[in-house]
Structure formats: C-alpha cells, structure tokens
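Colleague: Take this structure first; my questions come after.
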Amino acid sequence: MSLILSEGGNNAVEMFATRIDVQWDFRTNTGPVLFHFERVDWDRSTRMVNARGYDRTVPQDIGLINGQYTITDPFTGEESVEPGWKLMALIKAATERVWDAETAVPPVADTDEGAPA
C-alpha cells in the first residue's frame, strides 16, 4: 500500500504516522508499536499544509528482533534489507543519548522561597 493517496502538480494527499509510540517490554524486547496516522493535504513545493486530520491508530507488533525491513536511503534512493535488531539497537541508543543529556543537567529544585506564608 502506498502512503500517497493522490497527487497532482505540487499538491499531494498522503498518510503520515505523525506519532509512533513504542510500548517496550524490556524483559523480552517485545511489545506493540502504535502508529497514529494523519491524512495530510499539502503543497510539496511550498511545504504549506492545506488540511490535515487524524485518520486512525494501528497497533502492531513489528517483531524487532526477528523482522526484516526494506529501507530506502533518503539521499541515494538505494534500497537495502536490514535486520530488525538494528532498529531495536538504534532506538535503545537514542534512548540512552536522551537520558544521558537529561541527567547531565541537574533538575531545578522546587522551593517555597518568596511564597506567601
């Protein structure tokens, strides 16, 4: 299924998963992924969105460890088939980087200084 529903000139109506929730079970490295799809009508040349709206949420167990995925290089257009464990490893690496950056800055303590008694 193509995510492009229609196109004419610079205008296109496409389905985008604008939010993706990974519900990870760290004990088994499994869990569903929720894909939240929106229908977007937009002008590709100006990147102006004419209309957008929620379409549906699709829950799916994407089988990270045993799955294989065909991906397209965004620069060359070349396709390759990659094992799912690479996607899992990339998600974990991104998670660790976010956590490390977040914990490098100490949290701001809530204080009652200046609050009326």
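Ordering of the structure tokens sets the chain letters (A, B, ...), residue numbers begin anew at 1 in every chain, and ligands are numbered from 1 in the order given.
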Which polymer residues have any atom within 9 Å of an atom of A:Tyr54, counting only C-alpha atoms, with same-chain residues fewer than 6 positions away left out, as a list in words?
Modeller: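 The neighbour list is His36, Phe37, Glu38, Arg39 and Val40 of chain A.
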Colleague: Could you name the residues that touch A:Asn50 at 8 Å or less, counting only C-alpha atoms, but leaving out those on the same chain fewer than 6 positions away, as a list in words?
Modeller: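 Counting only C-alpha atoms, the residues come to Val40, Asp41, Trp42 and Asp43 of chain A.
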Colleague: Just the residues within 12 Å of stretch 20-31 of chain A, please, counting only C-alpha atoms, with nothing from its chain fewer than 6 positions along; format it as a PyMOL selection string.
Modeller: chain A and resi 37-38+57-67+84-85+87-89+91-92+95
Colleague: Please extract the residues of chain A with a backbone DSSP assignment of strand (DSSP E) and present them as a PyMOL selection string.
Modeller: chain A and resi 4-8+11-22+33-43+48-60+68-72+79-83
Colleague: How about saving the chosen residues, N, CA and C atoms kept, as a compact mmCIF listing (two decimals), in the first residue's frame?
Modeller:
# COMPACT_ATOMS: atom_id res chain seq x y z
N ILE A 4 0.87 7.48 -0.38
CA ILE A 4 0.40 8.59 -1.19
C ILE A 4 -0.99 8.24 -1.70
N LEU A 5 -1.99 9.01 -1.29
CA LEU A 5 -3.37 8.73 -1.69
C LEU A 5 -3.70 9.37 -3.03
N SER A 6 -3.20 10.57 -3.25
CA SER A 6 -3.39 11.24 -4.54
C SER A 6 -2.34 12.33 -4.69
N GLU A 7 -2.06 12.69 -5.94
CA GLU A 7 -1.12 13.77 -6.20
C GLU A 7 -1.41 14.38 -7.55
N GLY A 8 -1.19 15.68 -7.63
CA GLY A 8 -1.39 16.41 -8.87
C GLY A 8 -0.62 17.71 -8.79
N ASN A 11 0.70 19.41 -5.41
CA ASN A 11 -0.16 19.04 -4.30
C ASN A 11 -0.23 17.51 -4.13
N ALA A 12 -0.25 17.08 -2.87
CA ALA A 12 -0.35 15.65 -2.57
C ALA A 12 -1.20 15.45 -1.33
N VAL A 13 -1.90 14.34 -1.30
CA VAL A 13 -2.61 13.90 -0.11
C VAL A 13 -1.94 12.60 0.30
N GLU A 14 -1.36 12.61 1.51
CA GLU A 14 -0.59 11.47 1.96
C GLU A 14 -0.97 11.09 3.38
N MET A 15 -0.70 9.83 3.73
CA MET A 15 -0.86 9.36 5.09
C MET A 15 0.51 9.40 5.76
N PHE A 16 0.57 10.03 6.93
CA PHE A 16 1.81 10.09 7.70
C PHE A 16 1.55 9.55 9.10
N ALA A 17 2.48 8.75 9.61
CA ALA A 17 2.42 8.36 11.01
C ALA A 17 3.09 9.49 11.78
N THR A 18 2.28 10.45 12.22
CA THR A 18 2.81 11.65 12.86
C THR A 18 3.21 11.41 14.31
N ARG A 19 2.78 10.29 14.86
CA ARG A 19 3.19 9.90 16.22
C ARG A 19 3.35 8.39 16.24
N ILE A 20 4.45 7.93 16.79
CA ILE A 20 4.71 6.50 16.89
C ILE A 20 5.09 6.20 18.34
N ASP A 21 4.29 5.37 19.01
CA ASP A 21 4.54 5.01 20.41
C ASP A 21 5.06 3.58 20.47
N VAL A 22 6.27 3.42 21.00
CA VAL A 22 6.84 2.10 21.19
C VAL A 22 6.55 1.69 22.63
N VAL A 33 3.73 -1.55 18.86
CA VAL A 33 4.01 -0.18 18.47
C VAL A 33 2.69 0.39 17.97
N LEU A 34 2.35 1.59 18.44
CA LEU A 34 1.12 2.26 18.00
C LEU A 34 1.48 3.31 16.97
N PHE A 35 0.94 3.15 15.76
CA PHE A 35 1.17 4.11 14.68
C PHE A 35 -0.08 4.99 14.58
N HIS A 36 0.07 6.29 14.83
CA HIS A 36 -1.03 7.24 14.76
C HIS A 36 -0.96 7.95 13.40
N PHE A 37 -1.91 7.62 12.53
CA PHE A 37 -1.88 8.14 11.16
C PHE A 37 -2.75 9.38 11.01
N GLU A 38 -2.24 10.35 10.25
CA GLU A 38 -2.99 11.53 9.84
C GLU A 38 -3.01 11.60 8.32
N ARG A 39 -4.12 12.08 7.79
CA ARG A 39 -4.26 12.36 6.36
C ARG A 39 -3.85 13.82 6.18
N VAL A 40 -2.82 14.04 5.35
CA VAL A 40 -2.29 15.39 5.17
C VAL A 40 -2.38 15.78 3.70
N ASP A 41 -3.03 16.91 3.46
CA ASP A 41 -3.12 17.51 2.12
C ASP A 41 -2.15 18.68 2.13
N TRP A 42 -1.11 18.60 1.29
CA TRP A 42 -0.08 19.64 1.35
C TRP A 42 0.54 19.92 0.00
N ASP A 43 1.16 21.08 -0.10
CA ASP A 43 1.87 21.51 -1.30
C ASP A 43 3.35 21.21 -1.08
N MET A 48 3.47 23.98 2.42
CA MET A 48 2.28 24.51 3.07
C MET A 48 1.25 23.41 3.23
N VAL A 49 0.74 23.25 4.46
CA VAL A 49 -0.28 22.24 4.71
C VAL A 49 -1.65 22.87 4.47
N ASN A 50 -2.41 22.28 3.55
CA ASN A 50 -3.75 22.77 3.24
C ASN A 50 -4.77 22.25 4.24
N ALA A 51 -4.64 20.99 4.61
CA ALA A 51 -5.55 20.38 5.58
C ALA A 51 -4.88 19.14 6.15
N ARG A 52 -5.20 18.84 7.40
CA ARG A 52 -4.72 17.61 8.00
C ARG A 52 -5.71 17.16 9.05
N GLY A 53 -5.79 15.86 9.24
CA GLY A 53 -6.71 15.35 10.24
C GLY A 53 -6.38 13.92 10.62
N TYR A 54 -6.73 13.58 11.84
CA TYR A 54 -6.50 12.23 12.35
C TYR A 54 -7.28 11.23 11.51
N ASP A 55 -6.65 10.11 11.19
CA ASP A 55 -7.32 9.06 10.42
C ASP A 55 -7.54 7.81 11.27
N ARG A 56 -6.47 7.27 11.85
CA ARG A 56 -6.61 6.05 12.65
C ARG A 56 -5.32 5.75 13.40
N THR A 57 -5.43 4.88 14.41
CA THR A 57 -4.28 4.35 15.13
C THR A 57 -4.21 2.85 14.86
N VAL A 58 -3.04 2.41 14.45
CA VAL A 58 -2.84 1.00 14.13
C VAL A 58 -1.83 0.40 15.12
N PRO A 59 -2.29 -0.53 15.98
CA PRO A 59 -1.34 -1.22 16.85
C PRO A 59 -0.72 -2.39 16.09
N GLN A 60 0.57 -2.57 16.25
CA GLN A 60 1.25 -3.64 15.51
C GLN A 60 2.46 -4.12 16.29
N GLN A 68 12.60 -8.28 9.32
CA GLN A 68 13.49 -7.65 8.35
C GLN A 68 12.72 -6.53 7.68
N TYR A 69 13.42 -5.45 7.37
CA TYR A 69 12.77 -4.27 6.82
C TYR A 69 13.52 -3.76 5.60
N THR A 70 12.76 -3.43 4.57
CA THR A 70 13.34 -2.81 3.38
C THR A 70 13.34 -1.31 3.62
N ILE A 71 14.51 -0.70 3.56
CA ILE A 71 14.63 0.74 3.79
C ILE A 71 15.22 1.40 2.54
N THR A 72 14.90 2.67 2.38
CA THR A 72 15.39 3.44 1.24
C THR A 72 16.29 4.56 1.75
N GLU A 79 17.80 0.96 -2.12
CA GLU A 79 17.09 0.15 -1.14
C GLU A 79 18.00 -0.94 -0.59
N SER A 80 17.79 -1.26 0.69
CA SER A 80 18.50 -2.38 1.29
C SER A 80 17.57 -3.05 2.30
N VAL A 81 17.82 -4.32 2.57
CA VAL A 81 17.05 -5.06 3.56
C VAL A 81 17.91 -5.18 4.80
N GLU A 82 17.35 -4.72 5.93
CA GLU A 82 18.10 -4.71 7.18
C GLU A 82 17.37 -5.54 8.23
N PRO A 83 18.13 -6.21 9.10
CA PRO A 83 17.51 -6.97 10.17
C PRO A 83 16.91 -6.05 11.24
Colleague: Kindly give the distance, in Å, that separates atom CA of A:Phe75 and atom CA of A:Gly9, rounded to a single decimal.
Modeller: 22.7 Å
Colleague: Could you please determine the separation between atom CA of A:Leu90 and atom CA of A:Glu102 in Å, to one decimal place?
Modeller: 18.2 Å
